[in-house]
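A.B. asks: The structure's right below; bear with me while I get my questions together.
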Amino acid sequence: VCPQDLGGAIDPASYVEDDGTRYLLYKTDARETASIHVVRLSPDGLRLAGPPKRILTRSPHEPILVEAPDLVRRGDRYVLFYSAGWYFQPNYQTRYATAPSIEGPYQKAPAPLLTTEAYGGKIQGPGSSDVLSEQGGDHIVFHGIREYLGGSSVNRAMYVAALGWDGARPVVHGVPTRYEA
């Protein structure tokens with residue numbers, strides 16, 4: 001169901017409303033037009049049930065592109081987590097934007113949520129996050145660069161950190177734990 005124009009689509013993420021309505025989020029892959037889109041799906045999730053809508057584009061103060069969407073709802077607000085930059089560079093980061101409706105308009109937070117600098121360089125390029133919820137609270141799972149292998153080749157590790165909320169504003173708690181296969 002993802003488009004093949006605009007460089008194709010990558011980083012698909014699903015979102016299901018409380019009433020069962022399904023949505024697909026994805027990033028268009030052409031660098032010059034990289035943006036995040038949302039589209040409503042059929043009840044079985046296999047077909048489009050409306051036209052896609054672009055909900056987020058790169059701002060001039062963000063690294064090269066936006067990608068890796070993950071959407072959660074907090075009260076009456078939608079919180080869209082996304083990454084900015086190249087996954088293989090230390091300025092790769094996790095950001096977020098909020099909106100009153102799934103289709104926006106989304107207002108970007110004034111600063112990134114996760115950065116290399118915020119971790120004192122101990123985690124390089126923290127990005128591609130997902131939010132997991134359980135009875136004990138929410139967690140944010142993301143990857144970071146462990147080793148540079150040259151060019152766009154890197155070894156990455158997966159991290160998890162406790163995630164709290166100030167209304168619809170996410171707050172990362174403590175030091176993340178690295179998980180390796």
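Residues are referred to by chain and number: the chain letter is A, B, ... according to the order shown in the structure tokens, the number counts from 1 in that chain, and ligands are numbered separately from 1 in the order shown.
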Where does segment 75-158 of chain A meet segment 12-20 of chain A within 12 Å, residue by residue, with the nearest atom pair and distance in Å to one decimal for each, counting only C-alpha atoms, listed by chain and rising number, as a tab-separated table?
C.D. replies:
residue	atom	partner	partner_atom	distance
A:Gly75	CA	A:Asp18	CA	12.0
A:Tyr78	CA	A:Glu17	CA	10.8
A:Val79	CA	A:Tyr15	CA	11.6
A:Leu80	CA	A:Tyr15	CA	10.8
A:Phe81	CA	A:Ala13	CA	11.0
A:Tyr82	CA	A:Ala13	CA	11.0
A:Ser101	CA	A:Glu17	CA	11.5
A:Ile102	CA	A:Glu17	CA	9.5
A:Ser128	CA	A:Ala13	CA	11.2
A:Ser129	CA	A:Ala13	CA	11.2
A:Asp130	CA	A:Ala13	CA	9.5
A:Val131	CA	A:Ala13	CA	11.6
A.B. asks: For segment 158-169 of chain A, list every protein, DNA or RNA residue within 8 Å, evaluated using only C-alpha atoms, and leave out those in the same chain fewer than 3 positions away; present the list as a PyMOL selection string.
C.D. replies: chain A and resi 74-75+77-79+98+137-144+172-180
A.B. asks: What does the file look like for those residues with N, CA, C and O atoms, as a compact mmCIF listing (two decimals), in the first residue's frame?
C.D. replies:
# COMPACT_ATOMS: atom_id res chain seq x y z
N ARG A 74 -1.64 10.38 23.81
CA ARG A 74 -1.61 10.76 25.22
C ARG A 74 -2.77 11.71 25.46
O ARG A 74 -2.74 12.86 25.03
N GLY A 75 -3.83 11.20 26.10
CA GLY A 75 -5.02 12.01 26.33
C GLY A 75 -5.62 12.42 25.00
O GLY A 75 -5.92 11.58 24.16
N ARG A 77 -4.05 14.23 22.70
CA ARG A 77 -2.97 14.59 21.77
C ARG A 77 -2.32 13.36 21.16
O ARG A 77 -2.16 12.33 21.82
N TYR A 78 -1.93 13.50 19.91
CA TYR A 78 -1.13 12.50 19.23
C TYR A 78 0.33 12.93 19.35
O TYR A 78 0.65 14.10 19.15
N VAL A 79 1.21 11.97 19.69
CA VAL A 79 2.63 12.25 19.83
C VAL A 79 3.36 11.40 18.78
O VAL A 79 3.33 10.18 18.83
N THR A 98 3.64 17.00 18.29
CA THR A 98 2.31 16.68 18.82
C THR A 98 1.24 17.34 17.96
O THR A 98 1.49 18.36 17.29
N GLY A 137 4.54 0.91 33.21
CA GLY A 137 4.86 2.21 32.62
C GLY A 137 5.32 2.08 31.18
O GLY A 137 5.32 1.00 30.61
N ASP A 138 5.74 3.19 30.63
CA ASP A 138 6.19 3.23 29.24
C ASP A 138 7.72 3.17 29.16
O ASP A 138 8.42 3.59 30.09
N HIS A 139 8.19 2.67 28.03
CA HIS A 139 9.62 2.62 27.75
C HIS A 139 9.84 3.07 26.32
O HIS A 139 8.98 2.89 25.46
N ILE A 140 11.02 3.62 26.07
CA ILE A 140 11.41 3.97 24.72
C ILE A 140 12.57 3.06 24.33
O ILE A 140 13.52 2.90 25.10
N VAL A 141 12.45 2.43 23.19
CA VAL A 141 13.47 1.52 22.67
C VAL A 141 14.07 2.20 21.44
O VAL A 141 13.34 2.72 20.60
N PHE A 142 15.39 2.22 21.35
CA PHE A 142 16.05 2.90 20.24
C PHE A 142 17.41 2.26 19.99
O PHE A 142 17.89 1.47 20.80
N HIS A 143 18.01 2.59 18.86
CA HIS A 143 19.34 2.06 18.59
C HIS A 143 20.38 3.18 18.68
O HIS A 143 20.06 4.37 18.58
N GLY A 144 21.61 2.76 18.90
CA GLY A 144 22.75 3.67 18.93
C GLY A 144 23.94 3.00 18.28
O GLY A 144 24.02 1.77 18.23
N VAL A 172 12.52 11.30 29.01
CA VAL A 172 13.32 10.08 29.16
C VAL A 172 13.97 10.10 30.53
O VAL A 172 14.59 11.08 30.93
N HIS A 173 13.82 9.00 31.26
CA HIS A 173 14.37 8.88 32.62
C HIS A 173 15.63 8.03 32.65
O HIS A 173 15.72 7.03 31.95
N GLY A 174 16.55 8.39 33.49
CA GLY A 174 17.69 7.53 33.82
C GLY A 174 18.61 7.22 32.67
O GLY A 174 18.56 7.80 31.61
N VAL A 175 19.45 6.25 32.92
CA VAL A 175 20.43 5.79 31.94
C VAL A 175 19.86 4.57 31.22
O VAL A 175 19.36 3.65 31.86
N PRO A 176 19.89 4.55 29.89
CA PRO A 176 19.36 3.40 29.18
C PRO A 176 20.21 2.15 29.35
O PRO A 176 21.40 2.24 29.60
N THR A 177 19.58 1.03 29.20
CA THR A 177 20.24 -0.27 29.29
C THR A 177 20.41 -0.80 27.87
O THR A 177 19.48 -0.74 27.08
N ARG A 178 21.59 -1.31 27.55
CA ARG A 178 21.84 -1.86 26.22
C ARG A 178 21.47 -3.33 26.20
O ARG A 178 21.78 -4.08 27.12
N TYR A 179 20.77 -3.76 25.13
CA TYR A 179 20.42 -5.16 24.94
C TYR A 179 21.09 -5.66 23.67
O TYR A 179 21.07 -5.00 22.66
N GLU A 180 21.70 -6.82 23.77
CA GLU A 180 22.36 -7.41 22.61
C GLU A 180 21.88 -8.83 22.41
O GLU A 180 21.60 -9.53 23.38
A.B. asks: Could you tell me how far atom CA of Glu103 of chain A lies from atom CA of Val38 of chain A, in Å and to one decimal?
C.D. replies: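 Pair atom CA of Glu103 of chain A / atom CA of Val38 of chain A returns 7.0 Å.
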A.B. asks: Could you check how far atom CA of Ser153 of chain A sits from atom CA of Ala111 of chain A, in Å to one decimal?
C.D. replies: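 According to the coordinates, atom CA of Ser153 of chain A and atom CA of Ala111 of chain A are separated by 27.4 Å.
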A.B. asks: Looking only at the backbone, which of the residues in segment 101-151 of chain A does DSSP tag as strand (DSSP E), as JSON, numbers by chain?
C.D. replies: {"A": [107, 108, 124, 125, 126, 127, 128, 129, 130, 131, 132, 133, 134, 137, 138, 139, 140, 141, 142, 143, 144, 145, 146, 147, 148, 149, 150]}
A.B. asks: Could you write out the selected residues, including C-alpha atoms, as a PDB file, in the first residue's frame?
C.D. replies:
ATOM      1  CA  GLN A 107       3.897  20.997  16.130  1.00  0.00           C
ATOM      2  CA  LYS A 108       7.517  19.995  16.542  1.00  0.00           C
ATOM      3  CA  GLN A 124      26.193   7.792  19.398  1.00  0.00           C
ATOM      4  CA  GLY A 125      23.247   8.622  17.132  1.00  0.00           C
ATOM      5  CA  PRO A 126      20.277   7.517  19.299  1.00  0.00           C
ATOM      6  CA  GLY A 127      17.339   7.038  16.941  1.00  0.00           C
ATOM      7  CA  SER A 128      14.667   4.924  15.290  1.00  0.00           C
ATOM      8  CA  SER A 129      12.684   4.777  18.506  1.00  0.00           C
ATOM      9  CA  ASP A 130       9.544   2.885  19.432  1.00  0.00           C
ATOM     10  CA  VAL A 131       7.409   3.375  22.516  1.00  0.00           C
ATOM     11  CA  LEU A 132       6.332   0.283  24.443  1.00  0.00           C
ATOM     12  CA  SER A 133       3.638   0.396  27.125  1.00  0.00           C
ATOM     13  CA  GLU A 134       3.041  -2.079  29.908  1.00  0.00           C
ATOM     14  CA  GLY A 137       4.857   2.210  32.620  1.00  0.00           C
ATOM     15  CA  ASP A 138       6.190   3.233  29.241  1.00  0.00           C
ATOM     16  CA  HIS A 139       9.622   2.617  27.749  1.00  0.00           C
ATOM     17  CA  ILE A 140      11.407   3.972  24.715  1.00  0.00           C
ATOM     18  CA  VAL A 141      13.466   1.519  22.668  1.00  0.00           C
ATOM     19  CA  PHE A 142      16.053   2.905  20.239  1.00  0.00           C
ATOM     20  CA  HIS A 143      19.345   2.063  18.594  1.00  0.00           C
ATOM     21  CA  GLY A 144      22.746   3.672  18.930  1.00  0.00           C
ATOM     22  CA  ILE A 145      26.013   3.278  17.073  1.00  0.00           C
ATOM     23  CA  ARG A 146      28.550   0.986  18.756  1.00  0.00           C
ATOM     24  CA  GLU A 147      31.209   0.918  16.052  1.00  0.00           C
ATOM     25  CA  TYR A 148      31.923   2.807  12.833  1.00  0.00           C
ATOM     26  CA  LEU A 149      32.978   0.491   9.989  1.00  0.00           C
ATOM     27  CA  GLY A 150      33.398   3.103   7.256  1.00  0.00           C
TER      28      GLY A 150
END
A.B. asks: Taking into account only C-alpha atoms, which residue in the set A:Ala68, A:Ala84, A:Leu41, A:Leu24 is nearest to Ile10 of chain A?
C.D. replies: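 Result for the nearest residue to Ile10 of chain A: A:Ala68.
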A.B. asks: From the set A:Gly120, A:Thr115, A:Arg95, A:Phe88, which residue has the shortest atom-to-atom contact distance to Asn155 of chain A, counting only C-alpha atoms?
C.D. replies: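 Of A:Gly120, A:Thr115, A:Arg95, A:Phe88, the one nearest Asn155 of chain A is A:Phe88, counting only C-alpha atoms.
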